[in-house]
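For reference, the structure discussed in these notes is given below.
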Amino acid sequence: MHYILSAVIRGAIPFIIMSIFSGIMKLQHIDDYSVTSTFITGLIITAVAATSVIYDVESWSLKRQSVVHFLIMLVTVYPCLVFSGWFPTKSILDLVKIFGFLLNVGIILWTISYILFGRILK
């Protein structure tokens, strides 16, 4: 239960902030693409922030934490990327390219986080 509450708090903060930004942008008659992009960015940040609690579960191995985190990103962030309008989605190959983008960015960010938090700041 502690982890769920922590995930909700970690996710709610960026969701609220980015939703407010999106709302302000809409009220200022900023183009719909920018408003939608800001909101989708907020959804992605929310998913990443909320799932960061996975790395607080000390009874899980780093491998298990990483796999669970990746699977959650696959069902949350990947659809955001697909429906964002940031990438072409006319073919299966386009969807595979978006998956590759998610995978590459994820590997880069995981590696940086591992080096920073697992080695330097340990």
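Residues are referred to by chain and number: the chain letter is A, B, ... according to the order shown in the structure tokens, the number counts from 1 in that chain, and ligands are numbered separately from 1 in the order shown.
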Go through region 60-118 of chain A residue by residue and, counting only C-alpha atoms, keep those with an atom at most 10 Å from region 27-40 of chain A; for each kept residue give the shortest atom pair and its distance in Å to one decimal, ordered by chain and increasing number, as a tab-separated table.
```
residue	atom	partner	partner_atom	distance
A:Val77	CA	A:Ile40	CA	9.2
A:Cys80	CA	A:Ile40	CA	6.4
A:Leu81	CA	A:Ile40	CA	8.2
A:Phe83	CA	A:Ile40	CA	9.0
A:Ser84	CA	A:Ser37	CA	6.6
A:Gly85	CA	A:Ser37	CA	8.2
A:Trp86	CA	A:Ser37	CA	8.2
```
Produce a file of the selected residues containing all heavy atoms, as a PDB file, in the first residue's frame.
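Final output, saved to selection_24.pdb:
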```pdb
ATOM      1  N   VAL A  77       3.568   4.630 -21.876  1.00  0.00           N
ATOM      2  CA  VAL A  77       4.283   5.615 -22.699  1.00  0.00           C
ATOM      3  C   VAL A  77       4.168   5.292 -24.185  1.00  0.00           C
ATOM      4  O   VAL A  77       3.963   6.196 -25.003  1.00  0.00           O
ATOM      5  CB  VAL A  77       5.766   5.720 -22.254  1.00  0.00           C
ATOM      6  CG1 VAL A  77       6.551   6.623 -23.189  1.00  0.00           C
ATOM      7  CG2 VAL A  77       5.848   6.235 -20.818  1.00  0.00           C
ATOM      8  N   CYS A  80       1.085   6.632 -25.715  1.00  0.00           N
ATOM      9  CA  CYS A  80       1.183   8.099 -25.772  1.00  0.00           C
ATOM     10  C   CYS A  80       1.989   8.519 -26.995  1.00  0.00           C
ATOM     11  O   CYS A  80       1.614   9.470 -27.703  1.00  0.00           O
ATOM     12  CB  CYS A  80       1.833   8.652 -24.504  1.00  0.00           C
ATOM     13  SG  CYS A  80       0.797   8.604 -23.034  1.00  0.00           S
ATOM     14  N   LEU A  81       3.099   7.828 -27.235  1.00  0.00           N
ATOM     15  CA  LEU A  81       3.931   8.152 -28.394  1.00  0.00           C
ATOM     16  C   LEU A  81       3.196   7.865 -29.703  1.00  0.00           C
ATOM     17  O   LEU A  81       3.261   8.656 -30.647  1.00  0.00           O
ATOM     18  CB  LEU A  81       5.244   7.366 -28.339  1.00  0.00           C
ATOM     19  CG  LEU A  81       6.188   7.700 -27.184  1.00  0.00           C
ATOM     20  CD1 LEU A  81       7.368   6.741 -27.167  1.00  0.00           C
ATOM     21  CD2 LEU A  81       6.650   9.143 -27.242  1.00  0.00           C
ATOM     22  N   PHE A  83      -0.072   7.827 -30.305  1.00  0.00           N
ATOM     23  CA  PHE A  83      -1.212   8.708 -30.548  1.00  0.00           C
ATOM     24  C   PHE A  83      -0.887  10.198 -30.421  1.00  0.00           C
ATOM     25  O   PHE A  83      -1.774  11.039 -30.584  1.00  0.00           O
ATOM     26  CB  PHE A  83      -2.375   8.340 -29.622  1.00  0.00           C
ATOM     27  CG  PHE A  83      -2.921   6.969 -29.887  1.00  0.00           C
ATOM     28  CD1 PHE A  83      -2.743   5.951 -28.967  1.00  0.00           C
ATOM     29  CD2 PHE A  83      -3.569   6.680 -31.076  1.00  0.00           C
ATOM     30  CE1 PHE A  83      -3.231   4.670 -29.211  1.00  0.00           C
ATOM     31  CE2 PHE A  83      -4.057   5.406 -31.341  1.00  0.00           C
ATOM     32  CZ  PHE A  83      -3.889   4.406 -30.408  1.00  0.00           C
ATOM     33  N   SER A  84       0.370  10.522 -30.155  1.00  0.00           N
ATOM     34  CA  SER A  84       0.763  11.916 -29.945  1.00  0.00           C
ATOM     35  C   SER A  84       0.735  12.763 -31.213  1.00  0.00           C
ATOM     36  O   SER A  84       0.582  13.978 -31.152  1.00  0.00           O
ATOM     37  CB  SER A  84       2.171  11.973 -29.351  1.00  0.00           C
ATOM     38  OG  SER A  84       3.120  11.506 -30.314  1.00  0.00           O
ATOM     39  N   GLY A  85       0.940  12.129 -32.354  1.00  0.00           N
ATOM     40  CA  GLY A  85       1.077  12.888 -33.595  1.00  0.00           C
ATOM     41  C   GLY A  85       2.511  13.316 -33.853  1.00  0.00           C
ATOM     42  O   GLY A  85       2.793  14.020 -34.821  1.00  0.00           O
ATOM     43  N   TRP A  86       3.422  12.893 -32.997  1.00  0.00           N
ATOM     44  CA  TRP A  86       4.832  13.250 -33.147  1.00  0.00           C
ATOM     45  C   TRP A  86       5.545  12.379 -34.170  1.00  0.00           C
ATOM     46  O   TRP A  86       6.621  12.735 -34.646  1.00  0.00           O
ATOM     47  CB  TRP A  86       5.564  13.140 -31.812  1.00  0.00           C
ATOM     48  CG  TRP A  86       5.014  13.998 -30.713  1.00  0.00           C
ATOM     49  CD1 TRP A  86       4.288  15.151 -30.853  1.00  0.00           C
ATOM     50  CD2 TRP A  86       5.136  13.769 -29.318  1.00  0.00           C
ATOM     51  NE1 TRP A  86       3.957  15.647 -29.619  1.00  0.00           N
ATOM     52  CE2 TRP A  86       4.462  14.817 -28.650  1.00  0.00           C
ATOM     53  CE3 TRP A  86       5.735  12.779 -28.552  1.00  0.00           C
ATOM     54  CZ2 TRP A  86       4.390  14.909 -27.257  1.00  0.00           C
ATOM     55  CZ3 TRP A  86       5.659  12.875 -27.173  1.00  0.00           C
ATOM     56  CH2 TRP A  86       5.003  13.936 -26.539  1.00  0.00           C
TER      57      TRP A  86
END
```
Nearby residues (only C-alpha atoms) at most 10 Å from Phe87 (chain A), same-chain spacing under 6 positions excluded, as a PyMOL selection string: chain A and resi 81+94-95+97-98
Save the residues we just selected, N, CA, C and O atoms, as a PDB file, in the first residue's frame?
```pdb
ATOM      1  N   LEU A  81       3.099   7.828 -27.235  1.00  0.00           N
ATOM      2  CA  LEU A  81       3.931   8.152 -28.394  1.00  0.00           C
ATOM      3  C   LEU A  81       3.196   7.865 -29.703  1.00  0.00           C
ATOM      4  O   LEU A  81       3.261   8.656 -30.647  1.00  0.00           O
ATOM      5  N   ASP A  94       6.185   1.867 -39.060  1.00  0.00           N
ATOM      6  CA  ASP A  94       6.186   3.101 -38.269  1.00  0.00           C
ATOM      7  C   ASP A  94       6.020   2.787 -36.779  1.00  0.00           C
ATOM      8  O   ASP A  94       6.701   3.370 -35.935  1.00  0.00           O
ATOM      9  N   LEU A  95       5.133   1.852 -36.464  1.00  0.00           N
ATOM     10  CA  LEU A  95       4.919   1.457 -35.068  1.00  0.00           C
ATOM     11  C   LEU A  95       6.155   0.781 -34.487  1.00  0.00           C
ATOM     12  O   LEU A  95       6.500   0.985 -33.314  1.00  0.00           O
ATOM     13  N   LYS A  97       9.218   1.438 -35.482  1.00  0.00           N
ATOM     14  CA  LYS A  97      10.185   2.530 -35.295  1.00  0.00           C
ATOM     15  C   LYS A  97       9.917   3.281 -33.994  1.00  0.00           C
ATOM     16  O   LYS A  97      10.852   3.641 -33.274  1.00  0.00           O
ATOM     17  N   ILE A  98       8.639   3.506 -33.685  1.00  0.00           N
ATOM     18  CA  ILE A  98       8.294   4.170 -32.422  1.00  0.00           C
ATOM     19  C   ILE A  98       8.723   3.294 -31.247  1.00  0.00           C
ATOM     20  O   ILE A  98       9.271   3.791 -30.262  1.00  0.00           O
TER      21      ILE A  98
END
```
Would you kindly return, as a PyMOL selection string, each protein, DNA or RNA residue with an atom no farther than 9 Å from any atom of region 109-113 of chain A, considering only C-alpha atoms and excluding same-chain residues fewer than 5 positions away? chain A and resi 66+104+118
Just the selected residues (all heavy atoms), exported as a CSV table (one decimal), in the first residue's frame, please.
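selection.csv, written as the output of this step:
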```csv
chain,number,residue,atom,x,y,z
A,66,SER,N,13.6,-3.5,-13.4
A,66,SER,CA,13.8,-3.0,-14.7
A,66,SER,C,12.8,-3.6,-15.7
A,66,SER,O,12.2,-2.9,-16.5
A,66,SER,CB,15.2,-3.3,-15.2
A,66,SER,OG,16.1,-2.6,-14.4
A,104,ASN,N,15.3,2.7,-27.3
A,104,ASN,CA,16.6,3.3,-27.3
A,104,ASN,C,16.7,4.4,-26.2
A,104,ASN,O,17.6,4.5,-25.5
A,104,ASN,CB,16.9,3.9,-28.6
A,104,ASN,CG,17.4,2.9,-29.6
A,104,ASN,OD1,18.1,1.9,-29.3
A,104,ASN,ND2,17.0,3.0,-30.9
A,118,GLY,N,23.2,4.4,-9.1
A,118,GLY,CA,23.7,3.1,-8.6
A,118,GLY,C,25.2,3.1,-8.3
A,118,GLY,O,25.6,2.3,-7.6
```
From A:Ile120, A:Leu93, A:Ala50, A:Ile115, residue lying nearest Gly11 (chain A) [only C-alpha atoms]: A:Ala50
What does the structure give for the distance between CA of Val67 (chain A) and CA of Phe15 (chain A), in Å to one decimal? 24.1 Å
Identify all residues of region 21-114 of chain A in helix (DSSP H, G or I) (DSSP on the backbone) and supply them as a compact mmCIF listing (two decimals) with N, CA, C and O atoms, in the first residue's frame.
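Below you can see result.txt, which holds the result:
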```
# COMPACT_ATOMS: atom_id res chain seq x y z
N PHE A 21 -0.76 23.66 -17.17
CA PHE A 21 -0.09 24.31 -18.32
C PHE A 21 -0.91 24.16 -19.59
O PHE A 21 -1.10 25.11 -20.34
N SER A 22 -1.41 22.95 -19.83
CA SER A 22 -2.21 22.69 -21.04
C SER A 22 -3.48 23.55 -21.03
O SER A 22 -3.86 24.11 -22.06
N GLY A 23 -4.12 23.63 -19.88
CA GLY A 23 -5.33 24.44 -19.75
C GLY A 23 -5.07 25.91 -20.00
O GLY A 23 -5.85 26.59 -20.69
N ILE A 24 -3.99 26.42 -19.45
CA ILE A 24 -3.61 27.82 -19.67
C ILE A 24 -3.33 28.06 -21.14
O ILE A 24 -3.76 29.07 -21.71
N MET A 25 -2.61 27.14 -21.75
CA MET A 25 -2.31 27.27 -23.18
C MET A 25 -3.60 27.30 -23.99
O MET A 25 -3.73 28.09 -24.93
N LYS A 26 -4.56 26.44 -23.64
CA LYS A 26 -5.84 26.38 -24.35
C LYS A 26 -6.58 27.71 -24.19
O LYS A 26 -7.14 28.25 -25.16
N LEU A 27 -6.58 28.25 -22.96
CA LEU A 27 -7.24 29.53 -22.71
C LEU A 27 -6.59 30.69 -23.47
O LEU A 27 -7.24 31.68 -23.79
N ASP A 32 -3.84 23.82 -31.09
CA ASP A 32 -4.23 22.55 -30.48
C ASP A 32 -3.09 21.54 -30.43
O ASP A 32 -2.98 20.76 -29.48
N TYR A 33 -2.24 21.53 -31.45
CA TYR A 33 -1.12 20.59 -31.47
C TYR A 33 -0.20 20.82 -30.27
O TYR A 33 0.21 19.87 -29.60
N SER A 34 0.10 22.07 -29.98
CA SER A 34 0.98 22.40 -28.84
C SER A 34 0.32 22.06 -27.52
O SER A 34 0.97 21.55 -26.60
N VAL A 35 -0.98 22.34 -27.41
CA VAL A 35 -1.71 22.02 -26.19
C VAL A 35 -1.72 20.50 -25.97
O VAL A 35 -1.41 20.02 -24.87
N THR A 36 -2.04 19.76 -27.02
CA THR A 36 -2.07 18.30 -26.93
C THR A 36 -0.68 17.74 -26.62
O THR A 36 -0.54 16.84 -25.79
N SER A 37 0.34 18.29 -27.27
CA SER A 37 1.71 17.82 -27.03
C SER A 37 2.12 18.05 -25.58
O SER A 37 2.77 17.19 -24.96
N THR A 38 1.75 19.19 -25.04
CA THR A 38 2.07 19.48 -23.64
C THR A 38 1.36 18.50 -22.71
O THR A 38 1.96 17.98 -21.77
N PHE A 39 0.10 18.23 -23.01
CA PHE A 39 -0.66 17.29 -22.18
C PHE A 39 -0.07 15.88 -22.27
O PHE A 39 0.10 15.20 -21.25
N ILE A 40 0.26 15.44 -23.47
CA ILE A 40 0.84 14.09 -23.65
C ILE A 40 2.20 14.00 -22.97
O ILE A 40 2.52 12.99 -22.34
N THR A 41 2.98 15.06 -23.06
CA THR A 41 4.26 15.09 -22.33
C THR A 41 4.00 14.91 -20.84
O THR A 41 4.72 14.17 -20.15
N GLY A 42 2.95 15.56 -20.34
CA GLY A 42 2.58 15.40 -18.94
C GLY A 42 2.19 13.97 -18.59
O GLY A 42 2.55 13.47 -17.53
N LEU A 43 1.47 13.31 -19.51
CA LEU A 43 1.11 11.91 -19.28
C LEU A 43 2.36 11.03 -19.20
O LEU A 43 2.45 10.12 -18.36
N ILE A 44 3.30 11.29 -20.09
CA ILE A 44 4.55 10.50 -20.10
C ILE A 44 5.33 10.74 -18.81
O ILE A 44 5.80 9.78 -18.17
N ILE A 45 5.46 11.99 -18.41
CA ILE A 45 6.17 12.31 -17.16
C ILE A 45 5.46 11.66 -15.98
O ILE A 45 6.11 11.13 -15.07
N THR A 46 4.14 11.69 -16.00
CA THR A 46 3.35 11.08 -14.93
C THR A 46 3.64 9.59 -14.83
O THR A 46 3.89 9.06 -13.73
N ALA A 47 3.64 8.89 -15.96
CA ALA A 47 3.90 7.45 -15.96
C ALA A 47 5.31 7.15 -15.45
O ALA A 47 5.50 6.24 -14.62
N VAL A 48 6.28 7.90 -15.93
CA VAL A 48 7.67 7.67 -15.50
C VAL A 48 7.83 7.96 -14.01
O VAL A 48 8.44 7.17 -13.27
N ALA A 49 7.27 9.06 -13.55
CA ALA A 49 7.40 9.42 -12.13
C ALA A 49 6.70 8.42 -11.23
O ALA A 49 7.25 7.99 -10.21
N ALA A 50 5.49 8.02 -11.62
CA ALA A 50 4.74 7.08 -10.78
C ALA A 50 5.43 5.72 -10.70
O ALA A 50 5.48 5.11 -9.62
N THR A 51 5.97 5.27 -11.81
CA THR A 51 6.59 3.95 -11.79
C THR A 51 7.99 3.95 -11.19
O THR A 51 8.56 2.88 -10.98
N SER A 52 8.51 5.12 -10.88
CA SER A 52 9.84 5.16 -10.26
C SER A 52 9.84 4.47 -8.90
O SER A 52 10.90 4.06 -8.42
N VAL A 53 8.67 4.29 -8.29
CA VAL A 53 8.61 3.61 -6.99
C VAL A 53 9.05 2.15 -7.10
O VAL A 53 9.43 1.55 -6.10
N ILE A 54 9.02 1.62 -8.30
CA ILE A 54 9.45 0.24 -8.50
C ILE A 54 10.89 0.04 -8.01
O ILE A 54 11.23 -0.99 -7.44
N TYR A 55 11.69 1.07 -8.18
CA TYR A 55 13.10 0.98 -7.78
C TYR A 55 13.29 1.15 -6.27
O TYR A 55 14.40 1.03 -5.76
N ASP A 56 12.20 1.41 -5.54
CA ASP A 56 12.25 1.47 -4.08
C ASP A 56 11.95 0.12 -3.44
O ASP A 56 12.12 -0.05 -2.24
N LEU A 62 17.37 -5.85 -9.31
CA LEU A 62 17.38 -4.78 -10.31
C LEU A 62 16.81 -5.27 -11.63
O LEU A 62 16.09 -4.52 -12.32
N LYS A 63 17.07 -6.52 -11.97
CA LYS A 63 16.52 -7.09 -13.20
C LYS A 63 15.00 -7.09 -13.16
O LYS A 63 14.34 -6.66 -14.12
N ARG A 64 14.43 -7.55 -12.07
CA ARG A 64 12.96 -7.59 -11.95
C ARG A 64 12.39 -6.17 -11.97
O ARG A 64 11.38 -5.92 -12.64
N GLN A 65 13.01 -5.26 -11.24
CA GLN A 65 12.55 -3.87 -11.23
C GLN A 65 12.56 -3.30 -12.64
O GLN A 65 11.60 -2.65 -13.07
N SER A 66 13.63 -3.55 -13.36
CA SER A 66 13.79 -3.00 -14.71
C SER A 66 12.77 -3.59 -15.69
O SER A 66 12.20 -2.87 -16.51
N VAL A 67 12.54 -4.90 -15.61
CA VAL A 67 11.58 -5.55 -16.50
C VAL A 67 10.17 -5.04 -16.22
O VAL A 67 9.42 -4.71 -17.15
N VAL A 68 9.79 -4.96 -14.96
CA VAL A 68 8.46 -4.46 -14.60
C VAL A 68 8.30 -3.01 -15.06
O VAL A 68 7.27 -2.63 -15.64
N HIS A 69 9.33 -2.21 -14.84
CA HIS A 69 9.28 -0.80 -15.27
C HIS A 69 9.12 -0.72 -16.78
O HIS A 69 8.29 0.04 -17.29
N PHE A 70 9.88 -1.52 -17.52
CA PHE A 70 9.78 -1.51 -18.98
C PHE A 70 8.38 -1.91 -19.44
O PHE A 70 7.80 -1.28 -20.32
N LEU A 71 7.81 -2.94 -18.83
CA LEU A 71 6.48 -3.39 -19.22
C LEU A 71 5.42 -2.31 -18.96
O LEU A 71 4.52 -2.11 -19.78
N ILE A 72 5.56 -1.62 -17.85
CA ILE A 72 4.62 -0.53 -17.56
C ILE A 72 4.81 0.61 -18.56
O ILE A 72 3.82 1.19 -19.04
N MET A 73 6.05 0.91 -18.92
CA MET A 73 6.30 1.95 -19.93
C MET A 73 5.71 1.53 -21.28
O MET A 73 5.19 2.36 -22.02
N LEU A 74 5.77 0.25 -21.56
CA LEU A 74 5.23 -0.27 -22.82
C LEU A 74 3.72 -0.05 -22.92
O LEU A 74 3.21 0.27 -23.99
N VAL A 75 3.01 -0.19 -21.81
CA VAL A 75 1.55 -0.03 -21.86
C VAL A 75 1.09 1.39 -21.54
O VAL A 75 -0.10 1.69 -21.67
N THR A 76 2.00 2.26 -21.13
CA THR A 76 1.61 3.65 -20.84
C THR A 76 2.26 4.63 -21.82
O THR A 76 1.57 5.37 -22.51
N VAL A 77 3.57 4.63 -21.88
CA VAL A 77 4.28 5.62 -22.70
C VAL A 77 4.17 5.29 -24.18
O VAL A 77 3.96 6.20 -25.00
N TYR A 78 4.29 4.03 -24.54
CA TYR A 78 4.21 3.67 -25.96
C TYR A 78 2.91 4.15 -26.61
O TYR A 78 2.96 4.79 -27.67
N PRO A 79 1.74 3.91 -26.01
CA PRO A 79 0.52 4.44 -26.63
C PRO A 79 0.52 5.98 -26.71
O PRO A 79 0.01 6.55 -27.68
N CYS A 80 1.09 6.63 -25.71
CA CYS A 80 1.18 8.10 -25.77
C CYS A 80 1.99 8.52 -26.99
O CYS A 80 1.61 9.47 -27.70
N LEU A 81 3.10 7.83 -27.24
CA LEU A 81 3.93 8.15 -28.39
C LEU A 81 3.20 7.86 -29.70
O LEU A 81 3.26 8.66 -30.65
N VAL A 82 2.48 6.75 -29.74
CA VAL A 82 1.76 6.37 -30.97
C VAL A 82 0.67 7.38 -31.30
O VAL A 82 0.52 7.79 -32.45
N PHE A 83 -0.07 7.83 -30.30
CA PHE A 83 -1.21 8.71 -30.55
C PHE A 83 -0.89 10.20 -30.42
O PHE A 83 -1.77 11.04 -30.58
N ILE A 92 2.86 -0.63 -40.08
CA ILE A 92 3.41 -1.43 -38.97
C ILE A 92 4.87 -1.05 -38.74
O ILE A 92 5.33 -0.97 -37.60
N LEU A 93 5.60 -0.76 -39.82
CA LEU A 93 7.00 -0.36 -39.68
C LEU A 93 7.12 0.93 -38.87
O LEU A 93 8.04 1.08 -38.06
N ASP A 94 6.18 1.87 -39.06
CA ASP A 94 6.19 3.10 -38.27
C ASP A 94 6.02 2.79 -36.78
O ASP A 94 6.70 3.37 -35.93
N LEU A 95 5.13 1.85 -36.46
CA LEU A 95 4.92 1.46 -35.07
C LEU A 95 6.15 0.78 -34.49
O LEU A 95 6.50 0.99 -33.31
N VAL A 96 6.84 0.01 -35.32
CA VAL A 96 8.09 -0.63 -34.88
C VAL A 96 9.16 0.43 -34.63
O VAL A 96 9.92 0.33 -33.66
N LYS A 97 9.22 1.44 -35.48
CA LYS A 97 10.18 2.53 -35.30
C LYS A 97 9.92 3.28 -33.99
O LYS A 97 10.85 3.64 -33.27
N ILE A 98 8.64 3.51 -33.69
CA ILE A 98 8.29 4.17 -32.42
C ILE A 98 8.72 3.29 -31.25
O ILE A 98 9.27 3.79 -30.26
N PHE A 99 8.50 1.99 -31.36
CA PHE A 99 8.95 1.07 -30.32
C PHE A 99 10.47 1.14 -30.17
O PHE A 99 10.99 1.17 -29.05
N GLY A 100 11.18 1.19 -31.29
CA GLY A 100 12.64 1.32 -31.26
C GLY A 100 13.08 2.60 -30.58
O GLY A 100 14.04 2.62 -29.81
N PHE A 101 12.36 3.68 -30.86
CA PHE A 101 12.65 4.96 -30.21
C PHE A 101 12.47 4.83 -28.70
O PHE A 101 13.34 5.24 -27.92
N LEU A 102 11.33 4.26 -28.29
CA LEU A 102 11.07 4.06 -26.86
C LEU A 102 12.16 3.21 -26.23
O LEU A 102 12.69 3.54 -25.16
N LEU A 103 12.53 2.13 -26.89
CA LEU A 103 13.55 1.23 -26.38
C LEU A 103 14.91 1.93 -26.26
O LEU A 103 15.57 1.83 -25.22
N ASN A 104 15.31 2.65 -27.30
CA ASN A 104 16.61 3.33 -27.27
C ASN A 104 16.67 4.42 -26.20
O ASN A 104 17.65 4.52 -25.46
N VAL A 105 15.63 5.24 -26.14
CA VAL A 105 15.61 6.30 -25.11
C VAL A 105 15.58 5.66 -23.73
O VAL A 105 16.29 6.11 -22.82
N GLY A 106 14.81 4.59 -23.57
CA GLY A 106 14.75 3.90 -22.29
C GLY A 106 16.10 3.34 -21.87
O GLY A 106 16.50 3.48 -20.71
N ILE A 107 16.80 2.73 -22.79
CA ILE A 107 18.12 2.17 -22.48
C ILE A 107 19.10 3.28 -22.09
O ILE A 107 19.85 3.15 -21.12
N ILE A 108 19.07 4.37 -22.82
CA ILE A 108 19.96 5.50 -22.52
C ILE A 108 19.65 6.06 -21.14
O ILE A 108 20.56 6.25 -20.31
N LEU A 109 18.37 6.33 -20.86
CA LEU A 109 18.00 6.90 -19.56
C LEU A 109 18.24 5.91 -18.42
O LEU A 109 18.69 6.31 -17.33
N TRP A 110 17.99 4.61 -18.65
CA TRP A 110 18.25 3.61 -17.63
C TRP A 110 19.74 3.56 -17.31
O TRP A 110 20.13 3.52 -16.14
N THR A 111 20.58 3.59 -18.34
CA THR A 111 22.03 3.54 -18.15
C THR A 111 22.53 4.76 -17.39
O THR A 111 23.32 4.64 -16.45
N ILE A 112 22.07 5.94 -17.77
CA ILE A 112 22.47 7.17 -17.07
C ILE A 112 22.03 7.10 -15.61
O ILE A 112 22.81 7.42 -14.70
N SER A 113 20.78 6.67 -15.37
CA SER A 113 20.27 6.56 -14.00
C SER A 113 21.07 5.54 -13.20
O SER A 113 21.38 5.77 -12.03
N TYR A 114 21.39 4.42 -13.83
CA TYR A 114 22.16 3.37 -13.14
C TYR A 114 23.53 3.89 -12.73
O TYR A 114 23.97 3.69 -11.61
```
Point-to-point distance from CA of Met1 (chain A) to CA of Val57 (chain A), Å rounded to tenths: 12.0 Å
